[in-house]
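Visitor: Have a look at this one before I ask anything.
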Amino acid sequence: MVSTEEISLVSHLMRRAGFGADRDQLEALAARGYDAVVEELLSPETQPPFDDDLAYRYFPYFRIGTAIQSQQAHWMLRMISTPRPLEEKMTLFWHHVFATGFSKVENAPDMNHQLEMLRQYGMGDFRTLLVKLSQDPAMIFWLDNCENHKGAPNENYGRELLELFSMGVGMDGLDNYTEDDVKECARAFTGWTIAPGIPRYPYGEFLREFVYAADDHDDGEKTFLGNQGRFNGEDIVDIICRQPATARFICRHLYNFFVADEPQVPAWPTTPPQDPDALATLEEAYFRSNFDVRSVLRTLFLSDFFKDARFRKVKSPAELVAGVMRLVDDYTAAKPRVHEIAGACGYMGQELLNPPTVEGWHTGREWIDSGALVERINFASNQVGDLDKPGVQRIADRLASRGPTMTAEELVDGCLELTGFVPVSAQRKQELIAHVTAAGDVRCDGPAEREEFDRRVARLLQLVVASREFQFA
Amino acid sequence: MTSQTQLTGVQFHYVKTIGNAAAPGQMGFRNPVDVAPTPDGTLYVLSHAAENTPSGKRIGKCTFEEEYFLGEFGSFGEDDGQFTWPNSLTVDSAGQVYVTDEWLHRVSVFDADGNFLRQWGTPGSGPGQWQRPAGIALDDEGNLLVADSMNHRMQKYTPDGEFLGQWGGFGNGPAEFNTPWGITVDNRGCCYVADWRNDRVQKLGPDGEFLLELAGDGDDRLRRPSGVAVDSDGLVYVTDWGNDRVVVFDAAGSVVARLTGDAGMSKWGEERLSSNPESMLEQRAAAPSLEPEKRFVQPTAVEIDQAGHIFIVDSARHRLQVYQKAAA
């Protein structure tokens with residue numbers, strides 16, 4: 001018999017390392033033990049893959065669509081239903097860091113290709129990931145590396161590779177690189193381009209292909225971060241990965257995404273991490289493992305600072321939407337109108353595959369403004385208030401099984417527990433109890449009483465997901 | 001010259017391409033999933049399309065010779081005459097059009113002009129019920145065979161929807177199925193089923209008895225076959241959906257050819273390009289190769305008309321590729 005604390009801890013892990021899980025799943029996971037669950041999450045290849053065959057059968061436009069809505073729908077269906085939650089969470093993480101926008105790329109196969117690349121390499125060695133990123137057609141077009149020529153460099157990709165994708169501008173009040181380093185970095189990536197694509201008319205989009213144009217590559221001597229040589233892109237990535245700044249920057253991103261909200265990225269050069277010891281632990285894991293992201297994640301998920309960080313970060317819209325849908329067990333298999341579910345993220349301020357800039361989305365409390373909060377509450381409330389959703393009915397069933405009658409406080413505690421051990425304030429809890437009390441005794445000992453009980457559970461769930469605390473993961 | 005990998009003496013000629021990625025009202029299709037050629041030369045093409053463009057789900061009518069667009073009907077939704085996950089269609093001798101819908105668990109029937117006539121189907125696993133009806137075909141008595149995909153069985157109905165019988169069930173043994181998709185009936189009343197999740201096609205006798213498995217091996221191994229057709233010589237054409245190709249078997253189940261696509265520019269495509277020639281033709285000229293444009297991507301269905309034209313529904317490329325078998 002697993003304890004409530006063990007279930008609560010696994011619930012925390014699944015919210016962060018995945019998109020949540022319902023109570024039956026949590027009990028099964030907790031029975032296997034926290035450390036074992038972490039290893040399962042870190043080994044997605046041991047779980048069955050997302051069923052793309054069925055997705056393509058029912059949504060034939062997912063493979064080569066033209067509209068961003070189709071691609072968003074495909075990804076949201078994956079987030080909700082994947083048997084490999086950490087693999088998908090890391091894909092979302094890297095999409096935050098390597099923010100690439102459909103608004104400019106305008107090629108769905110290229111965007112899909114990038115997501116698949118992030119999925120494939122996102123938990124491996126960081127060096128390989130950066131090389132693949134530098135060869136990614138969507139990224140090359142997004143940051144103009146196709147305009148980066150020998151003798152006429154375009155610094156866009158080289159600059160963002162350093163500033164936003166690996167090292168960050170500065171650390172501990174010092175600059176991490178110079179303007180000359182940016183220029184030399186850009187020179188090293190000359191010739192890393194894409195072949196001209198086949199136009200989308202009349203037969204739809206075609207994936208563009210990475211091309212290394214040797215005759216357009218500047219093979220001259222370069223000086224980069226104190227190193228000298230006739231560097232090509234891979235050499236630059238090698239040097240970047242060895243930098244303490246890279247360890248700090250990537251580990252701080254991981255901390256911000258998985259542990260607790262940090263200030264926005266532009267503040268990092270001058271604002272120290274909130275938990276320097278935690279960052280030092282992650283950075284040590286980065287170097288000890290030779291830049292292996294999976295090893296850093298293992299260290300993170302097994303740490304006390306992670307286990308103690310429950311409800312210390314604001315859910316992103318994608319986390320909120322996918323988490324609610326998993327909770328109510330809807331769209332856990334292919335179903336029409338999934339594009340509307342995915343589109344809800346956009347109304348909350350996170351249009352998937354279309355971040356506002358290359359800097360990505362501002363996170364934490366910046367996810368919340370009055371409009372976004374209303375969208376978040378309305379979305380979650382509409383879902384958990386629907387007793388036709390299997391997950392909502394299962395919550396009512398589980399609560400009803402606890403006895404023919406219960407106190408208002410027991411009902412409130414049950415709803416908070418089954419929505420993820422939501423830690424509402426004492427005042428909020430009293431308000432919820434008062435709401436239940438005002439409607440009379442809680443009974444489920446007859447058909448009519450049970451019907452009314454279910455309605456009261458659904459209404460109470462709506463109040464729980466409307467709470468401030470539910471906005472946190 | 002075609003993309004054919006010729007394994008025996010059978011040869012195929014690429015004839016033409018019909019299609020264009022088109023919004024409703026334009027000349028073309030959007031993610032077509034099935035085609036029904038009729039004796040008068042009309043082609044009924046079922047477009048699945050995306051749900052965020054609700055009027056994209058439709059049946060378009062055109063002709064083979066002129067590609068003349070005769071109109072379209074249907075839209076996204078759950079009301080009478082609408083589709084949610086349309087899968088397959090067939091046309092009977094009276095010109096009535098039967099369309100399966102995997103989400104709505106029903107068959108909708110239209111007249112030749114696209115007027116909605118009737119529908120039937122209820123979700124379930126009992127006799128006469130469906131879970132995601134997919135492939136549909138007429139037998140020589142005018143009855144309808146339907147692949148009941150999530151019940152992993154075949155069902156037979158009269159054209160009015162009267163249940164006549166069923167066979168099959170879940171499994172990978174003879175006459176068992178896993179999420180079947182396309183079906184066809186040959187001139188001897190035998191049924192061929194694209195046994196999608198079992199990566200094979202099964203040939204069954206008129207009463208559902210197992211006769212033959214077509215799966216290929218090695219490089220010819222099928223992956224998620226979606227559609228099947230049989231010609232007058234007994235050759236079996238399979239859209240090998242998961243491998244983006246068509247595999248042709250002889251009557252004994254040996255692979256005789258593989259096709260990977262030869263699409264040229266359709267008439268509607270030419271019109272599309274001519275609407276903005278500076279931009280589109282320049283882009284095409286700059287592309288290092290147009291070979292990828294020729295290839296099938298997720299072909300879903302294959303049908304053969306009375307003239308021997310072999311229509312491959314090239315779903316993700318919004319077109320039909322048409323072949324013809326060379327005279328022996």
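Labels for the structure tokens follow display order: chains A, B, ..., residues from 1 in each chain, ligands from 1.
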Give me the residues within 10 Å of Val169 (chain A) as JSON, numbers by chain, counting only C-alpha atoms and dropping any in the same chain fewer than 3 places off.
Guide: {"A": [159, 160, 162, 163, 164, 166, 173, 174, 175, 176, 177, 178, 245, 249, 265, 266, 267, 268, 269, 270]}
Visitor: Would you please extract all strand (DSSP E or B) residues from region 185-264 of chain A, as assigned by DSSP on the backbone, and give them as a compact mmCIF listing (two decimals) with C-alpha atoms, in the first residue's frame?
Guide:
# COMPACT_ATOMS: atom_id res chain seq x y z
CA TRP A 192 25.49 25.73 -43.69
CA THR A 193 22.41 26.29 -45.76
CA ILE A 194 19.31 24.75 -47.29
CA PHE A 210 20.19 20.92 -45.20
CA VAL A 211 23.12 21.41 -47.57
CA TYR A 212 26.75 22.03 -46.70
CA LYS A 222 39.33 32.16 -36.78
CA THR A 223 39.67 33.15 -33.16
CA PHE A 224 36.74 32.10 -31.01
CA ASN A 227 40.77 29.36 -29.38
CA GLN A 228 42.39 29.61 -32.79
CA GLY A 229 41.93 27.46 -35.86
Visitor: Excluding region 407-418 of chain A and residues on its chain fewer than 6 positions from it, collect all residues at most 7 Å away from it, counting only C-alpha atoms, and give them as a list in words.
Guide: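 Counting only the stated atoms, we get Arg23, Ile395, Leu399, Leu432, Ile433, Val436, Thr437, Val442, Leu461 and Val464 of chain A.
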Visitor: Please identify every residue of chain B that has at least one atom no more than 7 Å from any atom of chain A, counting only C-alpha atoms, and report them as a PyMOL selection string.
Guide: chain B and resi 20-21+31+49-51+85+269+272+280+283-284+286-288+290+316-318
Visitor: For region 120-124 of chain B, work out the shell of residues within 6 Å, counting only C-alpha atoms and skipping chain neighbours fewer than 2 positions away, then give it as a ChimeraX atom specification.
Guide: /B:105-107,126,129-131
Visitor: Determine, counting only C-alpha atoms, which protein, DNA and RNA residues have an atom within 10 Å of an atom of Gly420 (chain A); residues of the same chain fewer than 2 positions away are not included. Present the result as an NGL selection string.
Guide: :A and (7-12 or 14-15 or 20-23 or 26 or 327 or 415-418 or 422-423 or 470 or 473)
Visitor: Write a file of the selected residues as a JSON list (two decimals), in the first residue's frame, keeping N, CA and C atoms.
Guide:
[["chain", "number", "residue", "atom", "x", "y", "z"],
["A", 7, "ILE", "N", 2.26, 9.14, -3.32],
["A", 7, "ILE", "CA", 1.42, 9.47, -4.48],
["A", 7, "ILE", "C", 1.56, 10.96, -4.81],
["A", 8, "SER", "N", 1.60, 11.78, -3.77],
["A", 8, "SER", "CA", 1.75, 13.22, -3.99],
["A", 8, "SER", "C", 3.07, 13.55, -4.68],
["A", 9, "LEU", "N", 4.12, 12.86, -4.28],
["A", 9, "LEU", "CA", 5.44, 13.12, -4.88],
["A", 9, "LEU", "C", 5.46, 12.68, -6.34],
["A", 10, "VAL", "N", 4.89, 11.53, -6.62],
["A", 10, "VAL", "CA", 4.84, 11.07, -8.02],
["A", 10, "VAL", "C", 3.94, 11.98, -8.84],
["A", 11, "SER", "N", 2.90, 12.50, -8.21],
["A", 11, "SER", "CA", 2.03, 13.46, -8.90],
["A", 11, "SER", "C", 2.82, 14.69, -9.32],
["A", 12, "HIS", "N", 3.66, 15.17, -8.42],
["A", 12, "HIS", "CA", 4.55, 16.30, -8.71],
["A", 12, "HIS", "C", 5.48, 15.96, -9.88],
["A", 14, "MET", "N", 5.10, 13.76, -12.26],
["A", 14, "MET", "CA", 4.40, 13.61, -13.53],
["A", 14, "MET", "C", 3.90, 14.94, -14.07],
["A", 15, "ARG", "N", 3.59, 15.89, -13.19],
["A", 15, "ARG", "CA", 3.23, 17.23, -13.68],
["A", 15, "ARG", "C", 4.43, 17.89, -14.34],
["A", 20, "GLY", "N", 1.08, 15.41, -16.40],
["A", 20, "GLY", "CA", 0.13, 14.97, -15.39],
["A", 20, "GLY", "C", -0.34, 13.55, -15.63],
["A", 21, "ALA", "N", -1.05, 13.02, -14.64],
["A", 21, "ALA", "CA", -1.59, 11.66, -14.73],
["A", 21, "ALA", "C", -2.79, 11.59, -13.79],
["A", 22, "ASP", "N", -3.71, 10.67, -14.08],
["A", 22, "ASP", "CA", -4.88, 10.57, -13.20],
["A", 22, "ASP", "C", -4.54, 9.70, -11.99],
["A", 23, "ARG", "N", -5.47, 9.60, -11.06],
["A", 23, "ARG", "CA", -5.16, 8.95, -9.79],
["A", 23, "ARG", "C", -4.81, 7.48, -9.95],
["A", 26, "LEU", "N", -1.33, 7.32, -11.08],
["A", 26, "LEU", "CA", -0.39, 7.74, -10.03],
["A", 26, "LEU", "C", -0.18, 6.64, -9.00],
["A", 327, "LEU", "N", -6.32, 14.93, -17.16],
["A", 327, "LEU", "CA", -7.10, 14.77, -15.93],
["A", 327, "LEU", "C", -8.52, 14.30, -16.25],
["A", 415, "CYS", "N", -11.54, 16.35, -3.49],
["A", 415, "CYS", "CA", -11.42, 17.02, -4.80],
["A", 415, "CYS", "C", -10.03, 17.63, -4.97],
["A", 416, "LEU", "N", -9.51, 18.22, -3.91],
["A", 416, "LEU", "CA", -8.16, 18.80, -3.99],
["A", 416, "LEU", "C", -7.13, 17.71, -4.26],
["A", 417, "GLU", "N", -7.29, 16.59, -3.58],
["A", 417, "GLU", "CA", -6.35, 15.48, -3.73],
["A", 417, "GLU", "C", -6.40, 14.91, -5.15],
["A", 418, "LEU", "N", -7.60, 14.73, -5.67],
["A", 418, "LEU", "CA", -7.73, 14.05, -6.97],
["A", 418, "LEU", "C", -7.48, 14.98, -8.15],
["A", 422, "VAL", "N", -3.81, 19.81, -4.81],
["A", 422, "VAL", "CA", -3.71, 21.26, -4.96],
["A", 422, "VAL", "C", -3.67, 21.90, -3.57],
["A", 423, "PRO", "N", -2.59, 22.66, -3.25],
["A", 423, "PRO", "CA", -2.41, 23.18, -1.89],
["A", 423, "PRO", "C", -3.07, 24.54, -1.71],
["A", 470, "PHE", "N", -4.21, 26.36, -8.47],
["A", 470, "PHE", "CA", -4.24, 25.41, -9.59],
["A", 470, "PHE", "C", -3.42, 25.92, -10.78],
["A", 473, "ALA", "N", 2.22, 24.49, -11.03],
["A", 473, "ALA", "CA", 2.50, 23.07, -11.24],
["A", 473, "ALA", "C", 3.32, 22.54, -10.07]]
Visitor: Record the distance separating CA of Pro174 (chain B) and CA of Asn143 (chain B), expressed in Å with one decimal.
Guide: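 Those two atoms sit 23.9 Å apart.
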Visitor: As a list in words, please: all residues of region 253-295 of chain A that backbone DSSP puts in helix (DSSP H, G or I).
Guide: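 DSSP-assigned helix (DSSP H, G or I) residues in region 253-295 of chain A: His253, Leu254, Tyr255, Asn256, Phe257, Phe258, Val265, Pro266, Ala267, Pro276, Asp277, Ala278, Leu279, Ala280, Thr281, Leu282, Glu283, Glu284, Ala285, Tyr286, Phe287, Arg288, Val293, Arg294 and Ser295 of chain A.
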Visitor: I'd like the contact shell of Thr90 (chain B) - 8 Å cut-off, only C-alpha atoms, skipping same-chain residues fewer than 2 positions apart - returned as a PyMOL selection string.
Guide: chain B and resi 35-36+88+92+97-99+136-138
Visitor: Can you list, as number ranges by chain, every protein, DNA or RNA residue that comes within 9 Å of Phe165 (chain A) when you count only C-alpha atoms, leaving out same-chain residues fewer than 6 positions away?
Guide: A: 97-98, 130, 246, 249-250
Visitor: Which residue, A:Ile68, A:Val38, A:Ala380, A:Leu143, has the smallest gap to Leu352 (chain A) when you use only C-alpha atoms?
Guide: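 Residue with the minimum atom-to-atom distance to Leu352 (chain A): A:Ile68.
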Visitor: Let me make sure I understand: among B:Leu212, B:Val256, B:Ala251, B:Val185, which one has the smallest atom-to-atom distance to Thr5 (chain B) if we use only C-alpha atoms?
Guide: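 Using only C-alpha atoms, Thr5 (chain B) sits closest to B:Val256.
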Visitor: Measuring atom to atom with only C-alpha atoms, identify which of B:Leu43, B:Ala229, B:Ala263, B:Met154 is nearest to Phe249 (chain B).
Guide: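 Once distances to Phe249 (chain B) are computed over only C-alpha atoms, the minimum belongs to B:Ala229.
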